[in-house]
Amino acid sequence: MSMAVSSTFEQAIAASASYNEQSRDSDTSRRVDEYFGEDVFNFETMRARLPKQVYRDLMRTVELGEPMSTEVANVVATAMKDWAVERGATHYAHWFQPLTGLTAEKHDALVTVDPGTGQMVYELSGTSLVQGEPDASSFPSGGLRATFEARGYTAWDATSPAFIVRGEGYGTLCIPTAFVSWTGEALDKKTPLLRSMDALSKQAMRILRIFGTDTGVTRVQTTLGAEQEYFLFDRNLYFARPDLVSCDRTLFGALPPKGQQLDDHYFGAIPPRVLSFMAEVERELYKLGVPVKTRHNEVAPGQYEIAPTFENANVACDHQMLLMETLKRIAPRFGLQCILHEKPLAGVNGSGKHNNWSMSTNTGVNLLDPQDETHTNMQFMVFLCAVIRAVDLHADLLRSSIASAANDHRLGANEAPPAIISIFLGDMLTDLIEQLEQGTPNRTIKAGKLDLGALSLPDLPRDPGDRNRTSPFAFTGNRFEFRAVGSSGTSAWPMAVLNVAVTESLEFLATELEQRVGAKPTRAGLEDAVKEVLRDVIKKHKRVVFNGDNYTEDWQNEAAARGLPNLKDSVDALPIVSSDKAKALFAKYNVLTEAEAESRANIFLEKYAKQVLIEAGQMVRIARTMIQPATLDHQTRLAGAVSATQAADVECDSIRSQLEAYVDLCERFGAASDALARALEGEEPEDVFEHAKHVRAEILPLMTNLRELADELERRTSADVWPLPVYADLMFIK
């Protein structure tokens with residue numbers, strides 16, 4: 001790089017750093033509505049900066065899926081570049097979600113050399129905006145491509161606005177994109193989600209046309225609000241735990257005397273350092289247009305939650321990834337480390353990502369809003385029964401969509417929904433479907449009031465039914481909450497699966513109703529047809545509705561009697577993605593080809609095995625290089641105490657018994673460590689499914705045994721020689 005070029009580029013970086021510093025200094029003194037979305041090239045900004053005709057053409061692409069011309073792309077790219085440079089950006093990146101479960105980006109400078117003058121100029125072409133070409137060879141493909149085939153494409157998703165991510169001395173324009181192979185296969189999480197949203201919209205519009213409520217509606221979109229749970233640890237303690245650093249969870253660790261037994265952390269006062277961190281995260285997210293609303297302490301000490309409001313599901317999934325990245329990026333500024341793993345601490349509550357999902361018209365009508373006299377709202381009942389039918393028919397696939405090695409530690413434990421997928425409807429909706437099954441519904445259970453018994457307290461409106469925190473898929477007023485989704489992954493994949501499952505049921509119901517009512521149905525004829533069709537749906541699929549306690553053994557037995565699938569872990573659940581039934585469903589609605597579905601099953605199973613093997617290898621290393629040396633020190637102390645006491649001619653049976661028991665425990669720990677090490681050195685099956693089954697059957701039991709012995713050693717070893725920060729230190733942030 002020439003001296004002139006280097007100087008210009010350094011000036012751009014310095015300008016970015018200055019902009020970032022000024023922005024941070026002013027944020028705390030500004031109202032949120034003054035800076036919300038200021039780092040987003042949103043549609044409001046586009047309308048202000050683009051020529052009217054270009055903006056209209058762009059909106060046709062966004063709303064109707066019409067192709068974008070090169071001329072429009074060039075104008076949009078120039079406006080986006082000018083806006084980004086004004087706001088201190090020096091680079092741009094196509095931001096995408098490969099099948100690693102994280103986001104990916106390759107940064108290119110917004111500055112380039114003008115061949116005519118040799119000077120640096122800012123440039124972003126329409127071609128560079130619309131399409132990128134990252135190396136695809138190192139991303140998981142699950143057998144879709146050979147390793148040596150490197151070409152991949154990123155394609156601009158115009159429905160999700162570009163944004164600027166900032167840090168010390170940099171600002172990067174991030175352009176949300178899909179990621180596909182040279183031959184067009186989806187290599188990401190966004191592409192299937194977008195396809196599933198298109199498919200659902202098409203079938204939902206058929207339902208609206210049947211009811212005559214499609215006036216002014218051009219599209220039905222799925223909406224999402226994803227509550228994010230996470231843990232915070234002191235950063236110094238985090239780096240003293242090699243298991244947390246490499247695996248995001250503690251592989252060893254005994255519970256302290258006080259954990260979460262008193263439930264005093266839940267909704268308690270937020271520690272000042274954590275509250276400052278939360279406020280900084282919110283400021284960053286507000287600038288990125290992420291509408292976060294709720295923050296609070298969760299159940300486990302050191303666990304917290306942040307939740308946004310509803311958005312278009314595609315944008316919400318992008319915002320979810322931004323939210324997770326922002327949590328992790330901001331935490332070190334406060335001496336903290338953010339952990340998104342589902343179960344970083346054994347024996348206390350893990351973290352989920354409750355996905356609040358609904359369907360809404362582009363005119364703003366929530367199709368899962370029961371309204372006041374729900375028994376007369378036949379359109380709502382059709383959409384409700386479509387969801388019931390979908391969850392019953394595809395419970396196994398929905399279970400598969402949230403399966404991972406990390407979520408296996410959480411699902412089925414008594415703080416998370418179990419692996420059996422069922423629906424909670426609540427009293428009011430359960431009563432309605434029972435009425436519908438028997439004949440004509442004629443009543444809606446009404447909300448009541450709570451008299452709190454004190455003159456100074458108001459009467460509170462009471463919902464017609466309670467909520468159920470044990471259900472994996474619960475109706476919560478005007479949406480369904482998919483509670484079983486894990487905290488560490490993207491929402492895009494489970495939402496794509498849910499969308500396509502509901503799409504199939506919407507098509508079924510639309511076809512049944514169209515055949516019964518004809519082109520111009522009367523109101524009475526339509527109501528009769530709806531009741532007849534839904535009555536049959538309820539009879540066939542009501543088995544998936546369960547309003548009781550999902551944690552009990554009785555429910556396990558009852559679910560088995562009902563014929564509901566119980567896929568207890570990822571090795572059982574993940575192959576469902578490539579089952580004939582699932583492949584046919586995906587292919588029918590152009591969400592995944594058969595090859596794409598098979599590749600995902602391979603990728604997910606391979607990731608499962610790799611994660612467990614990484615953890616097992618880390619366990620052996622910690623056992624041999626940290627725990628065993630510490631236990632030798634403690635053993636030497638005990639032996640010295642026995643020798644000194646005997647030399648003083650004093651009885652020491654108690655100390656000798658302690659020494660003998662401790663030595664025995666150390667021997668068993670060493671043997672368990674060696675057994676796990678030998679298992680890791682064994683030959684691995686080539687087939688990914690067989691490999692995953694091998695890991696589950698052979699490796700996991702050895703890991704469990706080693707951990708139990710280590711945790712017992714922790715309870716018996718002097719605190720001053722134990723090499724790892726213990727749970728009592730990790731869980732309570734000062």
# chains A, B, ... in the order shown; residues from 1 in each chain; ligands from 1

$ residues_around --residues "A:Phe669" --least-positions-apart "4" --cutoff "7 Å" --atoms "only C-alpha atoms" --output "list of chain:residue names"
A:Leu665, A:Ser673, A:Leu706, A:Leu709, A:Ala710

$ residues_around --residues "stretch 432-437 of chain A" --least-positions-apart "2" --cutoff "9 Å" --atoms "only C-alpha atoms" --output "PyMOL selection string"
chain A and resi 374-375+381+385+427-430+439-445+531-532+534-539+542

$ select_by_dssp --residues "stretch 267-298 of chain A" --states "helix (DSSP H, G or I)" --output "PDB file with all heavy atoms, in the first residue's frame"
ATOM      1  N   PRO A 272     -25.665  -3.877  40.631  1.00  0.00           N
ATOM      2  CA  PRO A 272     -25.327  -2.633  39.927  1.00  0.00           C
ATOM      3  C   PRO A 272     -24.437  -2.832  38.705  1.00  0.00           C
ATOM      4  O   PRO A 272     -24.666  -2.202  37.661  1.00  0.00           O
ATOM      5  CB  PRO A 272     -24.622  -1.802  41.005  1.00  0.00           C
ATOM      6  CG  PRO A 272     -25.201  -2.303  42.295  1.00  0.00           C
ATOM      7  CD  PRO A 272     -25.445  -3.762  42.088  1.00  0.00           C
ATOM      8  N   ARG A 273     -23.410  -3.696  38.826  1.00  0.00           N
ATOM      9  CA  ARG A 273     -22.520  -3.904  37.677  1.00  0.00           C
ATOM     10  C   ARG A 273     -23.285  -4.541  36.521  1.00  0.00           C
ATOM     11  O   ARG A 273     -23.084  -4.186  35.361  1.00  0.00           O
ATOM     12  CB  ARG A 273     -21.322  -4.777  38.083  1.00  0.00           C
ATOM     13  CG  ARG A 273     -20.354  -5.031  36.932  1.00  0.00           C
ATOM     14  CD  ARG A 273     -18.952  -5.401  37.381  1.00  0.00           C
ATOM     15  NE  ARG A 273     -18.888  -6.569  38.211  1.00  0.00           N
ATOM     16  CZ  ARG A 273     -18.048  -7.603  38.006  1.00  0.00           C
ATOM     17  NH1 ARG A 273     -17.227  -7.587  36.961  1.00  0.00           N
ATOM     18  NH2 ARG A 273     -18.004  -8.615  38.832  1.00  0.00           N
ATOM     19  N   VAL A 274     -24.153  -5.471  36.851  1.00  0.00           N
ATOM     20  CA  VAL A 274     -24.951  -6.131  35.815  1.00  0.00           C
ATOM     21  C   VAL A 274     -25.934  -5.142  35.191  1.00  0.00           C
ATOM     22  O   VAL A 274     -26.147  -5.132  33.976  1.00  0.00           O
ATOM     23  CB  VAL A 274     -25.704  -7.342  36.409  1.00  0.00           C
ATOM     24  CG1 VAL A 274     -26.650  -7.943  35.382  1.00  0.00           C
ATOM     25  CG2 VAL A 274     -24.714  -8.387  36.887  1.00  0.00           C
ATOM     26  N   LEU A 275     -26.530  -4.288  36.006  1.00  0.00           N
ATOM     27  CA  LEU A 275     -27.482  -3.313  35.491  1.00  0.00           C
ATOM     28  C   LEU A 275     -26.793  -2.326  34.544  1.00  0.00           C
ATOM     29  O   LEU A 275     -27.355  -1.939  33.510  1.00  0.00           O
ATOM     30  CB  LEU A 275     -28.151  -2.576  36.643  1.00  0.00           C
ATOM     31  CG  LEU A 275     -29.329  -1.667  36.283  1.00  0.00           C
ATOM     32  CD1 LEU A 275     -30.398  -2.427  35.516  1.00  0.00           C
ATOM     33  CD2 LEU A 275     -29.918  -1.044  37.544  1.00  0.00           C
ATOM     34  N   SER A 276     -25.581  -1.932  34.881  1.00  0.00           N
ATOM     35  CA  SER A 276     -24.822  -1.048  33.982  1.00  0.00           C
ATOM     36  C   SER A 276     -24.538  -1.755  32.659  1.00  0.00           C
ATOM     37  O   SER A 276     -24.631  -1.152  31.581  1.00  0.00           O
ATOM     38  CB  SER A 276     -23.510  -0.623  34.643  1.00  0.00           C
ATOM     39  OG  SER A 276     -23.747   0.156  35.792  1.00  0.00           O
ATOM     40  N   PHE A 277     -24.184  -3.029  32.743  1.00  0.00           N
ATOM     41  CA  PHE A 277     -23.973  -3.831  31.535  1.00  0.00           C
ATOM     42  C   PHE A 277     -25.248  -3.903  30.704  1.00  0.00           C
ATOM     43  O   PHE A 277     -25.235  -3.696  29.483  1.00  0.00           O
ATOM     44  CB  PHE A 277     -23.511  -5.236  31.941  1.00  0.00           C
ATOM     45  CG  PHE A 277     -23.772  -6.299  30.921  1.00  0.00           C
ATOM     46  CD1 PHE A 277     -22.983  -6.402  29.779  1.00  0.00           C
ATOM     47  CD2 PHE A 277     -24.801  -7.211  31.095  1.00  0.00           C
ATOM     48  CE1 PHE A 277     -23.225  -7.383  28.833  1.00  0.00           C
ATOM     49  CE2 PHE A 277     -25.046  -8.202  30.163  1.00  0.00           C
ATOM     50  CZ  PHE A 277     -24.265  -8.291  29.022  1.00  0.00           C
ATOM     51  N   MET A 278     -26.375  -4.180  31.353  1.00  0.00           N
ATOM     52  CA  MET A 278     -27.651  -4.276  30.634  1.00  0.00           C
ATOM     53  C   MET A 278     -27.988  -2.968  29.932  1.00  0.00           C
ATOM     54  O   MET A 278     -28.452  -2.961  28.778  1.00  0.00           O
ATOM     55  CB  MET A 278     -28.771  -4.645  31.603  1.00  0.00           C
ATOM     56  CG  MET A 278     -28.738  -6.066  32.121  1.00  0.00           C
ATOM     57  SD  MET A 278     -30.089  -6.322  33.304  1.00  0.00           S
ATOM     58  CE  MET A 278     -30.051  -8.114  33.479  1.00  0.00           C
ATOM     59  N   ALA A 279     -27.770  -1.863  30.623  1.00  0.00           N
ATOM     60  CA  ALA A 279     -28.085  -0.561  30.044  1.00  0.00           C
ATOM     61  C   ALA A 279     -27.228  -0.290  28.809  1.00  0.00           C
ATOM     62  O   ALA A 279     -27.716   0.233  27.800  1.00  0.00           O
ATOM     63  CB  ALA A 279     -27.883   0.539  31.086  1.00  0.00           C
ATOM     64  N   GLU A 280     -25.951  -0.666  28.870  1.00  0.00           N
ATOM     65  CA  GLU A 280     -25.066  -0.474  27.717  1.00  0.00           C
ATOM     66  C   GLU A 280     -25.486  -1.366  26.555  1.00  0.00           C
ATOM     67  O   GLU A 280     -25.491  -0.949  25.396  1.00  0.00           O
ATOM     68  CB  GLU A 280     -23.620  -0.776  28.121  1.00  0.00           C
ATOM     69  CG  GLU A 280     -22.596  -0.595  27.012  1.00  0.00           C
ATOM     70  CD  GLU A 280     -22.300   0.856  26.701  1.00  0.00           C
ATOM     71  OE1 GLU A 280     -22.849   1.742  27.389  1.00  0.00           O
ATOM     72  OE2 GLU A 280     -21.517   1.104  25.771  1.00  0.00           O
ATOM     73  N   VAL A 281     -25.861  -2.604  26.857  1.00  0.00           N
ATOM     74  CA  VAL A 281     -26.346  -3.516  25.815  1.00  0.00           C
ATOM     75  C   VAL A 281     -27.588  -2.930  25.152  1.00  0.00           C
ATOM     76  O   VAL A 281     -27.721  -2.935  23.918  1.00  0.00           O
ATOM     77  CB  VAL A 281     -26.656  -4.905  26.411  1.00  0.00           C
ATOM     78  CG1 VAL A 281     -27.465  -5.754  25.433  1.00  0.00           C
ATOM     79  CG2 VAL A 281     -25.365  -5.622  26.772  1.00  0.00           C
ATOM     80  N   GLU A 282     -28.508  -2.426  25.958  1.00  0.00           N
ATOM     81  CA  GLU A 282     -29.743  -1.869  25.406  1.00  0.00           C
ATOM     82  C   GLU A 282     -29.453  -0.664  24.516  1.00  0.00           C
ATOM     83  O   GLU A 282     -30.056  -0.509  23.447  1.00  0.00           O
ATOM     84  CB  GLU A 282     -30.697  -1.498  26.531  1.00  0.00           C
ATOM     85  CG  GLU A 282     -31.299  -2.716  27.218  1.00  0.00           C
ATOM     86  CD  GLU A 282     -32.135  -2.356  28.423  1.00  0.00           C
ATOM     87  OE1 GLU A 282     -32.144  -1.161  28.800  1.00  0.00           O
ATOM     88  OE2 GLU A 282     -32.772  -3.256  28.994  1.00  0.00           O
ATOM     89  N   ARG A 283     -28.521   0.192  24.933  1.00  0.00           N
ATOM     90  CA  ARG A 283     -28.185   1.352  24.094  1.00  0.00           C
ATOM     91  C   ARG A 283     -27.656   0.900  22.741  1.00  0.00           C
ATOM     92  O   ARG A 283     -28.030   1.446  21.694  1.00  0.00           O
ATOM     93  CB  ARG A 283     -27.159   2.247  24.804  1.00  0.00           C
ATOM     94  CG  ARG A 283     -27.753   3.145  25.880  1.00  0.00           C
ATOM     95  CD  ARG A 283     -26.768   4.196  26.341  1.00  0.00           C
ATOM     96  NE  ARG A 283     -25.683   3.622  27.123  1.00  0.00           N
ATOM     97  CZ  ARG A 283     -25.713   3.462  28.445  1.00  0.00           C
ATOM     98  NH1 ARG A 283     -26.796   3.814  29.122  1.00  0.00           N
ATOM     99  NH2 ARG A 283     -24.688   2.952  29.081  1.00  0.00           N
ATOM    100  N   GLU A 284     -26.769  -0.087  22.756  1.00  0.00           N
ATOM    101  CA  GLU A 284     -26.214  -0.598  21.493  1.00  0.00           C
ATOM    102  C   GLU A 284     -27.321  -1.198  20.627  1.00  0.00           C
ATOM    103  O   GLU A 284     -27.364  -0.988  19.411  1.00  0.00           O
ATOM    104  CB  GLU A 284     -25.152  -1.658  21.790  1.00  0.00           C
ATOM    105  CG  GLU A 284     -23.926  -1.143  22.516  1.00  0.00           C
ATOM    106  CD  GLU A 284     -22.856  -0.649  21.553  1.00  0.00           C
ATOM    107  OE1 GLU A 284     -22.952  -0.951  20.355  1.00  0.00           O
ATOM    108  OE2 GLU A 284     -21.926   0.039  22.027  1.00  0.00           O
ATOM    109  N   LEU A 285     -28.208  -1.969  21.249  1.00  0.00           N
ATOM    110  CA  LEU A 285     -29.269  -2.625  20.486  1.00  0.00           C
ATOM    111  C   LEU A 285     -30.287  -1.623  19.966  1.00  0.00           C
ATOM    112  O   LEU A 285     -30.806  -1.786  18.849  1.00  0.00           O
ATOM    113  CB  LEU A 285     -29.952  -3.683  21.350  1.00  0.00           C
ATOM    114  CG  LEU A 285     -29.093  -4.910  21.676  1.00  0.00           C
ATOM    115  CD1 LEU A 285     -29.803  -5.815  22.676  1.00  0.00           C
ATOM    116  CD2 LEU A 285     -28.752  -5.693  20.409  1.00  0.00           C
ATOM    117  N   TYR A 286     -30.595  -0.598  20.741  1.00  0.00           N
ATOM    118  CA  TYR A 286     -31.530   0.421  20.266  1.00  0.00           C
ATOM    119  C   TYR A 286     -30.981   1.099  19.011  1.00  0.00           C
ATOM    120  O   TYR A 286     -31.720   1.358  18.054  1.00  0.00           O
ATOM    121  CB  TYR A 286     -31.789   1.469  21.348  1.00  0.00           C
ATOM    122  CG  TYR A 286     -32.670   0.997  22.479  1.00  0.00           C
ATOM    123  CD1 TYR A 286     -32.478   1.465  23.783  1.00  0.00           C
ATOM    124  CD2 TYR A 286     -33.711   0.096  22.251  1.00  0.00           C
ATOM    125  CE1 TYR A 286     -33.290   1.041  24.820  1.00  0.00           C
ATOM    126  CE2 TYR A 286     -34.523  -0.333  23.292  1.00  0.00           C
ATOM    127  CZ  TYR A 286     -34.306   0.133  24.571  1.00  0.00           C
ATOM    128  OH  TYR A 286     -35.115  -0.284  25.602  1.00  0.00           O
ATOM    129  N   LYS A 287     -29.687   1.400  19.004  1.00  0.00           N
ATOM    130  CA  LYS A 287     -29.098   2.019  17.822  1.00  0.00           C
ATOM    131  C   LYS A 287     -29.177   1.101  16.614  1.00  0.00           C
ATOM    132  O   LYS A 287     -29.258   1.556  15.472  1.00  0.00           O
ATOM    133  CB  LYS A 287     -27.644   2.412  18.099  1.00  0.00           C
ATOM    134  CG  LYS A 287     -27.501   3.600  19.029  1.00  0.00           C
ATOM    135  CD  LYS A 287     -26.081   4.132  19.075  1.00  0.00           C
ATOM    136  CE  LYS A 287     -25.120   3.169  19.728  1.00  0.00           C
ATOM    137  NZ  LYS A 287     -23.753   3.728  19.823  1.00  0.00           N
TER     138      LYS A 287
END

$ residues_around --residues "stretch 728-730 of chain A" --least-positions-apart "4" --cutoff "10 Å" --atoms "only C-alpha atoms" --output "ChimeraX atom specification"
/A:232-235,237-238,241,253-259,301-302,345,734

$ write_last_selection --atoms "N, CA, C and O atoms" --output "tab-separated table (two decimals), in the first residue's frame"
chain	number	residue	atom	x	y	z
A	232	LEU	N	-23.99	-14.65	33.35
A	232	LEU	CA	-22.83	-13.77	33.43
A	232	LEU	C	-21.90	-14.29	34.51
A	232	LEU	O	-22.33	-14.66	35.61
A	233	PHE	N	-20.60	-14.32	34.19
A	233	PHE	CA	-19.58	-14.70	35.15
A	233	PHE	C	-18.51	-13.62	35.20
A	233	PHE	O	-18.28	-12.91	34.21
A	234	ASP	N	-17.89	-13.49	36.35
A	234	ASP	CA	-16.74	-12.60	36.45
A	234	ASP	C	-15.68	-13.06	35.47
A	234	ASP	O	-15.33	-14.24	35.42
A	235	ARG	N	-15.13	-12.15	34.69
A	235	ARG	CA	-14.23	-12.53	33.60
A	235	ARG	C	-12.94	-13.18	34.10
A	235	ARG	O	-12.41	-14.09	33.47
A	237	LEU	N	-12.60	-15.05	36.77
A	237	LEU	CA	-12.93	-16.43	37.14
A	237	LEU	C	-13.18	-17.28	35.91
A	237	LEU	O	-12.82	-18.46	35.87
A	238	TYR	N	-13.79	-16.68	34.90
A	238	TYR	CA	-14.04	-17.40	33.65
A	238	TYR	C	-12.74	-17.92	33.04
A	238	TYR	O	-12.65	-19.09	32.64
A	241	ARG	N	-11.20	-21.08	34.37
A	241	ARG	CA	-11.94	-22.32	34.13
A	241	ARG	C	-11.76	-22.73	32.68
A	241	ARG	O	-12.48	-22.28	31.78
A	253	GLY	N	-17.75	-29.55	38.87
A	253	GLY	CA	-18.24	-28.53	39.78
A	253	GLY	C	-19.32	-29.05	40.71
A	253	GLY	O	-20.37	-29.52	40.24
A	254	ALA	N	-19.06	-28.98	42.00
A	254	ALA	CA	-20.04	-29.42	43.00
A	254	ALA	C	-20.92	-28.24	43.40
A	254	ALA	O	-20.46	-27.09	43.46
A	255	LEU	N	-22.19	-28.52	43.65
A	255	LEU	CA	-23.10	-27.47	44.08
A	255	LEU	C	-22.70	-26.93	45.45
A	255	LEU	O	-22.33	-27.70	46.34
A	256	PRO	N	-22.79	-25.62	45.65
A	256	PRO	CA	-22.49	-25.05	46.97
A	256	PRO	C	-23.68	-25.25	47.91
A	256	PRO	O	-24.77	-25.61	47.47
A	257	PRO	N	-23.49	-25.00	49.20
A	257	PRO	CA	-24.62	-25.13	50.13
A	257	PRO	C	-25.80	-24.25	49.74
A	257	PRO	O	-26.95	-24.67	49.83
A	258	LYS	N	-25.52	-23.03	49.27
A	258	LYS	CA	-26.60	-22.15	48.81
A	258	LYS	C	-26.50	-21.98	47.30
A	258	LYS	O	-25.51	-21.47	46.79
A	259	GLY	N	-27.52	-22.42	46.62
A	259	GLY	CA	-27.61	-22.23	45.18
A	259	GLY	C	-28.85	-21.41	44.88
A	259	GLY	O	-28.95	-20.25	45.24
A	301	PRO	N	-28.86	-18.14	40.22
A	301	PRO	CA	-27.93	-17.05	40.48
A	301	PRO	C	-26.98	-16.86	39.31
A	301	PRO	O	-26.44	-17.84	38.77
A	302	GLY	N	-26.79	-15.62	38.89
A	302	GLY	CA	-25.92	-15.34	37.75
A	302	GLY	C	-26.62	-15.44	36.41
A	302	GLY	O	-25.99	-15.25	35.37
A	345	LEU	N	-23.96	-24.48	34.26
A	345	LEU	CA	-23.77	-24.96	35.63
A	345	LEU	C	-24.70	-26.14	35.87
A	345	LEU	O	-25.92	-26.02	35.69
A	734	LYS	N	-20.31	-10.02	42.24
A	734	LYS	CA	-20.16	-8.93	43.21
A	734	LYS	C	-20.26	-7.59	42.50
A	734	LYS	O	-19.86	-7.43	41.37

$ closest_residue --among "A:Cys652, A:Val612, A:Ile603, A:Lys328" --to "A:Pro701" --atoms "only C-alpha atoms"
A:Val612

$ select_by_dssp --residues "stretch 354-519 of chain A" --states "strand (DSSP E or B)" --output "list in words"
His354, Asn355, Asn356, Trp357, Ser358, Met359, Ser360, Thr361, Asn366, Ile423, Phe424, Gly448, Lys449, Leu450, Leu460, Pro461, Arg462, Phe473, Ala474, Phe475, Phe480, Glu481, Phe482 and Gly486 of chain A

$ write_last_selection --atoms "N, CA and C atoms" --output "PDB file, in the first residue's frame"
ATOM      1  N   HIS A 354     -37.211 -18.601  24.582  1.00  0.00           N
ATOM      2  CA  HIS A 354     -38.636 -18.813  24.355  1.00  0.00           C
ATOM      3  C   HIS A 354     -39.076 -18.050  23.113  1.00  0.00           C
ATOM      4  N   ASN A 355     -39.490 -18.793  22.083  1.00  0.00           N
ATOM      5  CA  ASN A 355     -39.860 -18.193  20.801  1.00  0.00           C
ATOM      6  C   ASN A 355     -41.370 -17.949  20.757  1.00  0.00           C
ATOM      7  N   ASN A 356     -41.773 -16.689  20.871  1.00  0.00           N
ATOM      8  CA  ASN A 356     -43.181 -16.307  20.814  1.00  0.00           C
ATOM      9  C   ASN A 356     -43.562 -16.062  19.360  1.00  0.00           C
ATOM     10  N   TRP A 357     -44.362 -16.974  18.807  1.00  0.00           N
ATOM     11  CA  TRP A 357     -44.628 -17.029  17.369  1.00  0.00           C
ATOM     12  C   TRP A 357     -46.104 -16.793  17.077  1.00  0.00           C
ATOM     13  N   SER A 358     -46.366 -16.053  16.009  1.00  0.00           N
ATOM     14  CA  SER A 358     -47.738 -15.868  15.573  1.00  0.00           C
ATOM     15  C   SER A 358     -47.759 -15.643  14.075  1.00  0.00           C
ATOM     16  N   MET A 359     -48.965 -15.416  13.534  1.00  0.00           N
ATOM     17  CA  MET A 359     -49.164 -15.092  12.121  1.00  0.00           C
ATOM     18  C   MET A 359     -49.927 -13.785  12.037  1.00  0.00           C
ATOM     19  N   SER A 360     -49.502 -12.912  11.128  1.00  0.00           N
ATOM     20  CA  SER A 360     -50.096 -11.586  11.037  1.00  0.00           C
ATOM     21  C   SER A 360     -50.170 -11.161   9.580  1.00  0.00           C
ATOM     22  N   THR A 361     -51.221 -10.429   9.222  1.00  0.00           N
ATOM     23  CA  THR A 361     -51.305  -9.887   7.868  1.00  0.00           C
ATOM     24  C   THR A 361     -50.380  -8.683   7.733  1.00  0.00           C
ATOM     25  N   ASN A 366     -53.379  -9.625  13.736  1.00  0.00           N
ATOM     26  CA  ASN A 366     -52.837 -10.857  14.318  1.00  0.00           C
ATOM     27  C   ASN A 366     -53.877 -11.966  14.152  1.00  0.00           C
ATOM     28  N   ILE A 423     -49.133 -29.356  23.423  1.00  0.00           N
ATOM     29  CA  ILE A 423     -49.655 -27.989  23.371  1.00  0.00           C
ATOM     30  C   ILE A 423     -50.460 -27.688  24.627  1.00  0.00           C
ATOM     31  N   PHE A 424     -50.197 -26.537  25.214  1.00  0.00           N
ATOM     32  CA  PHE A 424     -51.043 -26.004  26.284  1.00  0.00           C
ATOM     33  C   PHE A 424     -51.957 -24.946  25.674  1.00  0.00           C
ATOM     34  N   GLY A 448     -62.164 -12.576  34.425  1.00  0.00           N
ATOM     35  CA  GLY A 448     -62.784 -12.089  35.648  1.00  0.00           C
ATOM     36  C   GLY A 448     -61.992 -10.964  36.271  1.00  0.00           C
ATOM     37  N   LYS A 449     -62.271 -10.703  37.536  1.00  0.00           N
ATOM     38  CA  LYS A 449     -61.534  -9.688  38.279  1.00  0.00           C
ATOM     39  C   LYS A 449     -61.050 -10.280  39.590  1.00  0.00           C
ATOM     40  N   LEU A 450     -59.923  -9.784  40.052  1.00  0.00           N
ATOM     41  CA  LEU A 450     -59.354 -10.202  41.325  1.00  0.00           C
ATOM     42  C   LEU A 450     -59.557  -9.099  42.355  1.00  0.00           C
ATOM     43  N   LEU A 460     -58.015  -6.240  39.914  1.00  0.00           N
ATOM     44  CA  LEU A 460     -57.203  -6.555  38.743  1.00  0.00           C
ATOM     45  C   LEU A 460     -57.977  -7.430  37.770  1.00  0.00           C
ATOM     46  N   PRO A 461     -57.884  -7.140  36.457  1.00  0.00           N
ATOM     47  CA  PRO A 461     -58.496  -8.048  35.488  1.00  0.00           C
ATOM     48  C   PRO A 461     -57.753  -9.381  35.488  1.00  0.00           C
ATOM     49  N   ARG A 462     -58.498 -10.470  35.478  1.00  0.00           N
ATOM     50  CA  ARG A 462     -57.895 -11.806  35.502  1.00  0.00           C
ATOM     51  C   ARG A 462     -58.164 -12.492  34.171  1.00  0.00           C
ATOM     52  N   PHE A 473     -44.901 -25.992  24.278  1.00  0.00           N
ATOM     53  CA  PHE A 473     -45.535 -25.211  23.204  1.00  0.00           C
ATOM     54  C   PHE A 473     -46.873 -24.709  23.741  1.00  0.00           C
ATOM     55  N   ALA A 474     -46.879 -23.474  24.231  1.00  0.00           N
ATOM     56  CA  ALA A 474     -48.021 -22.980  25.002  1.00  0.00           C
ATOM     57  C   ALA A 474     -48.661 -21.765  24.343  1.00  0.00           C
ATOM     58  N   PHE A 475     -50.004 -21.728  24.339  1.00  0.00           N
ATOM     59  CA  PHE A 475     -50.712 -20.536  23.888  1.00  0.00           C
ATOM     60  C   PHE A 475     -50.704 -19.513  25.020  1.00  0.00           C
ATOM     61  N   PHE A 480     -48.269 -18.401  20.184  1.00  0.00           N
ATOM     62  CA  PHE A 480     -47.754 -19.618  20.794  1.00  0.00           C
ATOM     63  C   PHE A 480     -46.302 -19.389  21.210  1.00  0.00           C
ATOM     64  N   GLU A 481     -45.967 -19.918  22.385  1.00  0.00           N
ATOM     65  CA  GLU A 481     -44.610 -19.779  22.918  1.00  0.00           C
ATOM     66  C   GLU A 481     -43.924 -21.143  22.833  1.00  0.00           C
ATOM     67  N   PHE A 482     -42.981 -21.254  21.915  1.00  0.00           N
ATOM     68  CA  PHE A 482     -42.186 -22.475  21.760  1.00  0.00           C
ATOM     69  C   PHE A 482     -41.063 -22.390  22.791  1.00  0.00           C
ATOM     70  N   GLY A 486     -33.487 -23.916  22.618  1.00  0.00           N
ATOM     71  CA  GLY A 486     -32.310 -23.663  23.441  1.00  0.00           C
ATOM     72  C   GLY A 486     -31.789 -22.250  23.301  1.00  0.00           C
TER      73      GLY A 486
END

$ atom_distance --atom1 "atom CA of A:Ala601" --atom2 "atom CA of A:Pro575"
5.6 Å

$ decode --residues "stretch 196-200 of chain A" --atoms "C-alpha atoms" --output "short mmCIF file (atom, residue, chain, number, x, y, z; two decimals), in the first residue's frame"
data_model
loop_
_atom_site.label_atom_id
_atom_site.label_comp_id
_atom_site.auth_asym_id
_atom_site.auth_seq_id
_atom_site.Cartn_x
_atom_site.Cartn_y
_atom_site.Cartn_z
CA SER A 196 -41.01 -21.27 4.71
CA MET A 197 -42.43 -17.78 5.22
CA ASP A 198 -43.35 -17.56 1.55
CA ALA A 199 -45.01 -20.98 1.66
CA LEU A 200 -47.04 -20.16 4.77
#
